[in-house]
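Accompanying notes for the structure given below.
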Amino acid sequence: MAVETMQLEVARTAARPVRESQFGLMWRRFKRHKLAVVSLWIVGAFYLVAILAEFLAPLDPSAYSARYTYAPPQGLHFFAQEEDGSWHVGPYVYGYKTEIDPVALRRTFVIDEEVRLPVRFFAPSEPYLLAGFIPLSVKLVGVENPRDPLYIMGADRLGRDLLSRLIHGTRISLSIGLAGVTLSLFFGIVIGGFAGYYGGWFDSAVMRVVEFIRSMPTIPLWLGLAAALPRDWSALQTYFAITLILSLIGWTELARVVRGRFLSLRTEDFVTAARLDGASDWRIVTRHMVPSFTSHIIAAATLAVPGMILAETALSFLGLGLQAPIVSWGTLLQDAQNIRTLASAPWLLAPGLCVVVVILSMNFFGDGLRDAADPHGR
C-alpha cells in the first residue's frame, strides 16, 4: 500500500507542470549559445581587471623613466635551466642591454637573457586605495629590487609601463560604456516609452527629433560637441562630459525600439485593466509595460555598450575626447599614430587589440542575449 502511494505521488509530481520565470527561460536558452557564454566570461574578465586595476597594475601608470624609453616587452618567465643543468623554478624577467642601431644611429634596448631579474607575487608597494576605498599596500606582481625595470608589455615614449596603463585604461573605457548606456537607457525608455504610450502630437514630435539626430553625421557631431568643452576643465569633468555627450547621441535607437513596443502594448488587456483600476500613467509604464519586455531592453543595452566604447576610443584617439592625465584605450592609441614609432615599438598597438577583443565579445554576448530573449526562439 505504501509503495502504491509513493508511486502515485511520483506520478503526480512528474505530471505537474514545471513553472519557470522569464529570466530562467532566457538563461536556459542563452546557455545553448556557446560562443555567447565564452564571450560572457571574457567580458567578465575585463570588468574584473577594471575593478582590480590598482592591484593588478605592477607600476603607477603615470610613473615615467627616461632611461627606458620604448623599452621592449620583457615577458614573464617561470622556468630556466642553470649552467649546471638544474632548473630554476620561479617568476622572473630578463634584463636589458643597450645597442646602437647602425642605420638610425640611435640607442636601442635589447633583451639580455644572461641577466635574470626575480619577480615575486603579492609584492609590497606604496599604500593605495583599491577601487577608491579599500586600503592596500601590495601588488599582484613586482620585482624584488625596486630599482630593477619591470616592463612586461614594454614601455612608451616616456618610459611608462604599458601594461599598467593598459589596465587602468580598461577601467575608464569600460566604465564609460556602462555609464553611457545607463543614461541612454534612461532617456530611451522614458522618452520612447511615453511617446508610444500617449501617441498623437507628442509621438510625432519625439520621432522628428530622433530622426533629426540620427540624420546628422556622427563623427562631425562628436567633434563639434567635444571641441565645445572648456579646456580648463578638470579630467573628471571632461570624463563626465564625454559620457553625457555619448548618451545624448546614443539614446535614439533604443527610444525607437521602446516606442514600437509601447504602441503594441498600450491596447493589451492588462494595460486597460490597470488604467480602469485607477493606476497613474507613470505606474502603468514603469510597473506594467516596461517589465513585460525587460529581456529585450537588456539585450539592446548590451549591444549598445560596444558602440559607446568605440565612440570614446575614436574621440580620444583624435585628441578631442579624454586627455591626459586620464588613461583610456583611446588616449593610449594616440602614441600609435606614427608609423615610424610603430615600426620600432609595435607593442603600442596593444590597446587596439583589447578594443577588438572586447567589442567582438560584447557583440557575441549581445547576440546570445537577443536570441535568448526572443519569445519565439527555440
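Naming works like this for the C-alpha cells: A, B, ... for the chains as they're shown, residue 1 at the start of each chain, ligands 1 onward in shown order.
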
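Within 12 Å of Phe270 of chain A, once only C-alpha atoms are used and residues closer than 6 positions along the same chain are dropped, the contacting residues are Leu276, Asp277, Ala279, Ile284, Val285, Arg287, His288, Met289 and Ser292 of chain A.
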
Emit the selected residues as a PDB file, in the first residue's frame, including C-alpha atoms.
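Output file result_39.pdb is given in full below:
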```pdb
ATOM      1  CA  LEU A 276      -9.501  51.140 -15.180  1.00  0.00           C
ATOM      2  CA  ASP A 277      -8.140  50.296 -11.748  1.00  0.00           C
ATOM      3  CA  ALA A 279      -3.263  53.438 -11.841  1.00  0.00           C
ATOM      4  CA  ILE A 284       1.380  51.758 -15.841  1.00  0.00           C
ATOM      5  CA  VAL A 285       4.543  52.473 -17.801  1.00  0.00           C
ATOM      6  CA  ARG A 287       5.328  48.711 -13.315  1.00  0.00           C
ATOM      7  CA  HIS A 288       3.374  47.014 -16.081  1.00  0.00           C
ATOM      8  CA  MET A 289       4.624  47.833 -19.578  1.00  0.00           C
ATOM      9  CA  SER A 292       6.882  42.952 -19.944  1.00  0.00           C
TER      10      SER A 292
END
```

At most 12 Å is the cut-off: for each residue in segment 184-298 of chain A with any atom that close to an atom of segment 26-47 of chain A, write down the nearest atom pair and the distance in Å rounded to one decimal, counting only C-alpha atoms, chain first then increasing number, as CSV.
```
residue,atom,partner,partner_atom,distance
A:Phe293,CA,A:Met26,CA,11.9
A:Thr294,CA,A:Met26,CA,11.1
A:Ser295,CA,A:Met26,CA,7.8
A:His296,CA,A:Met26,CA,10.4
A:Ile298,CA,A:Met26,CA,11.2
```

For N, CA and C atoms, I'd like the residues from the last selection saved as a tab-separated table (two decimals), in the first residue's frame.
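Output file selection_29.tsv is given in full below:
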```
chain	number	residue	atom	x	y	z
A	293	PHE	N	8.84	43.55	-21.29
A	293	PHE	CA	9.88	43.27	-22.29
A	293	PHE	C	11.25	43.70	-21.77
A	294	THR	N	11.48	43.42	-20.47
A	294	THR	CA	12.77	43.75	-19.86
A	294	THR	C	13.91	43.01	-20.54
A	295	SER	N	13.68	41.76	-20.92
A	295	SER	CA	14.74	40.98	-21.55
A	295	SER	C	15.20	41.62	-22.85
A	296	HIS	N	14.28	42.18	-23.62
A	296	HIS	CA	14.66	42.85	-24.87
A	296	HIS	C	15.48	44.11	-24.59
A	298	ILE	N	17.44	44.57	-21.99
A	298	ILE	CA	18.78	44.12	-21.57
A	298	ILE	C	19.62	43.77	-22.79
```

**Report entry** Nearest-residue call for Val119 of chain A, choices A:Glu82, A:Ala131, A:Pro149, A:Arg107, using only C-alpha atoms
**Finding:** A:Pro149

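Nearest to Leu163 of chain A of all the residues A:Val141, A:Ala274, A:Ile219, A:Leu48 is A:Val141, based on only C-alpha atoms.
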
Report task. Would you kindly return, as a count of residues only, each protein, DNA or RNA residue with an atom no farther than 12 Å from any atom of Phe133 of chain A, considering only C-alpha atoms and excluding same-chain residues fewer than 6 positions away? Result -> 4

Contact residues around Gly196 of chain A with only C-alpha atoms at 9 Å, ignoring same-chain residues under 3 positions, as an mmCIF file with N, CA and C atoms, in the first residue's frame:
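The result, written out as out_33.cif:
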```cif
data_model
loop_
_atom_site.group_PDB
_atom_site.id
_atom_site.type_symbol
_atom_site.label_atom_id
_atom_site.label_comp_id
_atom_site.auth_asym_id
_atom_site.auth_seq_id
_atom_site.Cartn_x
_atom_site.Cartn_y
_atom_site.Cartn_z
ATOM 1 N N ILE A 191 11.621 58.636 -22.762
ATOM 2 C CA ILE A 191 11.133 59.407 -23.914
ATOM 3 C C ILE A 191 10.407 58.511 -24.902
ATOM 4 N N GLY A 192 11.039 57.392 -25.281
ATOM 5 C CA GLY A 192 10.394 56.487 -26.227
ATOM 6 C C GLY A 192 9.148 55.834 -25.659
ATOM 7 N N GLY A 193 9.186 55.511 -24.354
ATOM 8 C CA GLY A 193 8.030 54.874 -23.735
ATOM 9 C C GLY A 193 6.814 55.781 -23.717
ATOM 10 N N GLY A 199 1.164 58.653 -27.840
ATOM 11 C CA GLY A 199 0.916 58.799 -29.272
ATOM 12 C C GLY A 199 0.612 60.249 -29.631
ATOM 13 N N GLY A 200 -0.087 60.453 -30.742
ATOM 14 C CA GLY A 200 -0.522 61.790 -31.140
ATOM 15 C C GLY A 200 0.630 62.713 -31.456
ATOM 16 N N PHE A 202 2.659 64.299 -29.463
ATOM 17 C CA PHE A 202 3.881 64.071 -28.696
ATOM 18 C C PHE A 202 4.741 63.000 -29.352
ATOM 19 N N ASP A 203 4.086 61.947 -29.824
ATOM 20 C CA ASP A 203 4.819 60.887 -30.521
ATOM 21 C C ASP A 203 5.463 61.423 -31.792
ATOM 22 N N ARG A 256 13.400 54.318 -30.235
ATOM 23 C CA ARG A 256 12.551 53.802 -31.314
ATOM 24 C C ARG A 256 12.054 52.389 -31.020
ATOM 25 N N VAL A 258 11.675 50.992 -27.971
ATOM 26 C CA VAL A 258 10.715 51.063 -26.867
ATOM 27 C C VAL A 258 9.395 51.652 -27.349
ATOM 28 N N ARG A 259 9.457 52.669 -28.178
ATOM 29 C CA ARG A 259 8.231 53.284 -28.693
ATOM 30 C C ARG A 259 7.397 52.288 -29.478
ATOM 31 N N GLY A 260 8.045 51.476 -30.319
ATOM 32 C CA GLY A 260 7.309 50.470 -31.078
ATOM 33 C C GLY A 260 6.659 49.428 -30.183
ATOM 34 N N ARG A 261 7.353 49.019 -29.127
ATOM 35 C CA ARG A 261 6.776 48.044 -28.208
ATOM 36 C C ARG A 261 5.594 48.639 -27.447
ATOM 37 N N PHE A 262 5.702 49.889 -27.054
ATOM 38 C CA PHE A 262 4.608 50.518 -26.315
ATOM 39 C C PHE A 262 3.378 50.717 -27.188
ATOM 40 N N LEU A 263 3.588 50.994 -28.469
ATOM 41 C CA LEU A 263 2.442 51.140 -29.370
ATOM 42 C C LEU A 263 1.636 49.849 -29.452
ATOM 43 N N SER A 264 2.323 48.709 -29.376
ATOM 44 C CA SER A 264 1.612 47.429 -29.444
ATOM 45 C C SER A 264 1.071 46.987 -28.097
ATOM 46 N N ARG A 266 0.006 49.124 -25.511
ATOM 47 C CA ARG A 266 -0.952 50.012 -24.848
ATOM 48 C C ARG A 266 -2.400 49.582 -25.040
#
```

Query raised in the report: Counting only C-alpha atoms, what is within 12 Å of Gln237 of chain A, bar same-chain residues fewer than 5 positions away, as a PyMOL selection string?
Result: chain A and resi 229-232+242-244+321-323+326

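The strand (DSSP E) portion of segment 72-102 of chain A consists of His77, Phe78, Phe79, Ala80, Gln81, Trp87, His88, Val89, Gly90, Pro91, Tyr92, Val93, Tyr94, Gly95, Tyr96, Lys97, Thr98, Glu99 and Ile100 of chain A, with states taken from DSSP on the backbone.
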
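Compared by their closest atoms to Gly352 of chain A, and using only C-alpha atoms, the residues A:Thr170, A:Thr238, A:Asn145, A:Thr267 rank with A:Thr170 nearest.
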
Query raised in the report: In Å, how far is it from atom CA of Asp112 of chain A to atom CA of Tyr96 of chain A?
Result: 5.0 Å

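Minimum distance to Ile249 of chain A across A:Phe365, A:Tyr94, A:Phe109, A:Phe187 (counting only C-alpha atoms) occurs at A:Phe187.
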
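With only C-alpha atoms as the atoms that count, the minimum distance from Val115 of chain A to the choices A:Tyr239, A:Phe55, A:Tyr64, A:Tyr92 is reached by A:Tyr92.
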
Query - Spatial neighbours of Ile359 of chain A, max dist 12 Å, only C-alpha atoms, sep filter under 5 positions, as a PyMOL selection string - result: chain A and resi 39-40+42-43+46+173-174+177+302-311+313+352-354+364-366

Those same residues, written as a PDB file, in the first residue's frame with N, CA and C atoms?
```
ATOM      1  N   SER A  39      32.011  34.461 -24.566  1.00  0.00           N
ATOM      2  CA  SER A  39      32.133  35.925 -24.600  1.00  0.00           C
ATOM      3  C   SER A  39      31.759  36.544 -23.272  1.00  0.00           C
ATOM      4  N   LEU A  40      30.761  35.967 -22.589  1.00  0.00           N
ATOM      5  CA  LEU A  40      30.389  36.463 -21.260  1.00  0.00           C
ATOM      6  C   LEU A  40      31.556  36.344 -20.285  1.00  0.00           C
ATOM      7  N   ILE A  42      34.733  36.316 -21.100  1.00  0.00           N
ATOM      8  CA  ILE A  42      35.771  37.277 -21.498  1.00  0.00           C
ATOM      9  C   ILE A  42      35.416  38.681 -21.026  1.00  0.00           C
ATOM     10  N   VAL A  43      34.167  39.085 -21.246  1.00  0.00           N
ATOM     11  CA  VAL A  43      33.733  40.412 -20.809  1.00  0.00           C
ATOM     12  C   VAL A  43      33.823  40.523 -19.291  1.00  0.00           C
ATOM     13  N   PHE A  46      37.411  41.145 -18.266  1.00  0.00           N
ATOM     14  CA  PHE A  46      37.843  42.530 -18.495  1.00  0.00           C
ATOM     15  C   PHE A  46      37.288  43.460 -17.418  1.00  0.00           C
ATOM     16  N   SER A 173      37.667  53.099 -20.093  1.00  0.00           N
ATOM     17  CA  SER A 173      36.930  52.804 -21.326  1.00  0.00           C
ATOM     18  C   SER A 173      35.680  51.979 -21.057  1.00  0.00           C
ATOM     19  N   LEU A 174      35.782  50.964 -20.208  1.00  0.00           N
ATOM     20  CA  LEU A 174      34.619  50.123 -19.936  1.00  0.00           C
ATOM     21  C   LEU A 174      33.589  50.837 -19.070  1.00  0.00           C
ATOM     22  N   GLY A 177      31.486  53.042 -21.222  1.00  0.00           N
ATOM     23  CA  GLY A 177      30.469  52.275 -21.924  1.00  0.00           C
ATOM     24  C   GLY A 177      29.260  52.000 -21.059  1.00  0.00           C
ATOM     25  N   THR A 302      23.012  45.730 -24.009  1.00  0.00           N
ATOM     26  CA  THR A 302      24.287  45.014 -24.161  1.00  0.00           C
ATOM     27  C   THR A 302      24.909  45.281 -25.516  1.00  0.00           C
ATOM     28  N   LEU A 303      24.080  45.330 -26.552  1.00  0.00           N
ATOM     29  CA  LEU A 303      24.595  45.604 -27.895  1.00  0.00           C
ATOM     30  C   LEU A 303      24.995  47.062 -28.065  1.00  0.00           C
ATOM     31  N   ALA A 304      24.514  47.947 -27.193  1.00  0.00           N
ATOM     32  CA  ALA A 304      24.848  49.370 -27.300  1.00  0.00           C
ATOM     33  C   ALA A 304      26.174  49.710 -26.619  1.00  0.00           C
ATOM     34  N   VAL A 305      26.621  48.879 -25.664  1.00  0.00           N
ATOM     35  CA  VAL A 305      27.871  49.164 -24.954  1.00  0.00           C
ATOM     36  C   VAL A 305      29.066  49.232 -25.902  1.00  0.00           C
ATOM     37  N   PRO A 306      29.228  48.288 -26.861  1.00  0.00           N
ATOM     38  CA  PRO A 306      30.379  48.400 -27.778  1.00  0.00           C
ATOM     39  C   PRO A 306      30.414  49.710 -28.550  1.00  0.00           C
ATOM     40  N   GLY A 307      29.242  50.212 -28.935  1.00  0.00           N
ATOM     41  CA  GLY A 307      29.213  51.484 -29.650  1.00  0.00           C
ATOM     42  C   GLY A 307      29.738  52.624 -28.800  1.00  0.00           C
ATOM     43  N   MET A 308      29.404  52.613 -27.513  1.00  0.00           N
ATOM     44  CA  MET A 308      29.897  53.645 -26.610  1.00  0.00           C
ATOM     45  C   MET A 308      31.412  53.564 -26.462  1.00  0.00           C
ATOM     46  N   ILE A 309      31.923  52.350 -26.321  1.00  0.00           N
ATOM     47  CA  ILE A 309      33.375  52.183 -26.162  1.00  0.00           C
ATOM     48  C   ILE A 309      34.107  52.651 -27.419  1.00  0.00           C
ATOM     49  N   LEU A 310      33.590  52.278 -28.588  1.00  0.00           N
ATOM     50  CA  LEU A 310      34.211  52.716 -29.839  1.00  0.00           C
ATOM     51  C   LEU A 310      34.144  54.228 -29.985  1.00  0.00           C
ATOM     52  N   ALA A 311      33.033  54.835 -29.561  1.00  0.00           N
ATOM     53  CA  ALA A 311      32.906  56.286 -29.672  1.00  0.00           C
ATOM     54  C   ALA A 311      33.941  56.990 -28.800  1.00  0.00           C
ATOM     55  N   THR A 313      36.778  55.742 -27.754  1.00  0.00           N
ATOM     56  CA  THR A 313      38.111  55.461 -28.302  1.00  0.00           C
ATOM     57  C   THR A 313      38.400  56.365 -29.502  1.00  0.00           C
ATOM     58  N   GLY A 352      44.628  48.672 -29.037  1.00  0.00           N
ATOM     59  CA  GLY A 352      43.740  48.378 -30.155  1.00  0.00           C
ATOM     60  C   GLY A 352      43.292  46.929 -30.159  1.00  0.00           C
ATOM     61  N   LEU A 353      44.197  46.022 -29.787  1.00  0.00           N
ATOM     62  CA  LEU A 353      43.828  44.612 -29.687  1.00  0.00           C
ATOM     63  C   LEU A 353      42.781  44.401 -28.603  1.00  0.00           C
ATOM     64  N   CYS A 354      42.935  45.099 -27.487  1.00  0.00           N
ATOM     65  CA  CYS A 354      41.932  44.998 -26.414  1.00  0.00           C
ATOM     66  C   CYS A 354      40.570  45.497 -26.883  1.00  0.00           C
ATOM     67  N   PHE A 364      29.026  39.315 -29.543  1.00  0.00           N
ATOM     68  CA  PHE A 364      28.587  37.917 -29.449  1.00  0.00           C
ATOM     69  C   PHE A 364      27.697  37.708 -28.221  1.00  0.00           C
ATOM     70  N   PHE A 365      28.070  38.348 -27.114  1.00  0.00           N
ATOM     71  CA  PHE A 365      27.258  38.251 -25.905  1.00  0.00           C
ATOM     72  C   PHE A 365      25.880  38.863 -26.128  1.00  0.00           C
ATOM     73  N   GLY A 366      25.842  40.019 -26.782  1.00  0.00           N
ATOM     74  CA  GLY A 366      24.560  40.649 -27.078  1.00  0.00           C
ATOM     75  C   GLY A 366      23.711  39.835 -28.037  1.00  0.00           C
TER      76      GLY A 366
END
```

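If you look at atom CA of Leu59 of chain A and atom CA of Pro146 of chain A, they are 10.4 Å away from each other.
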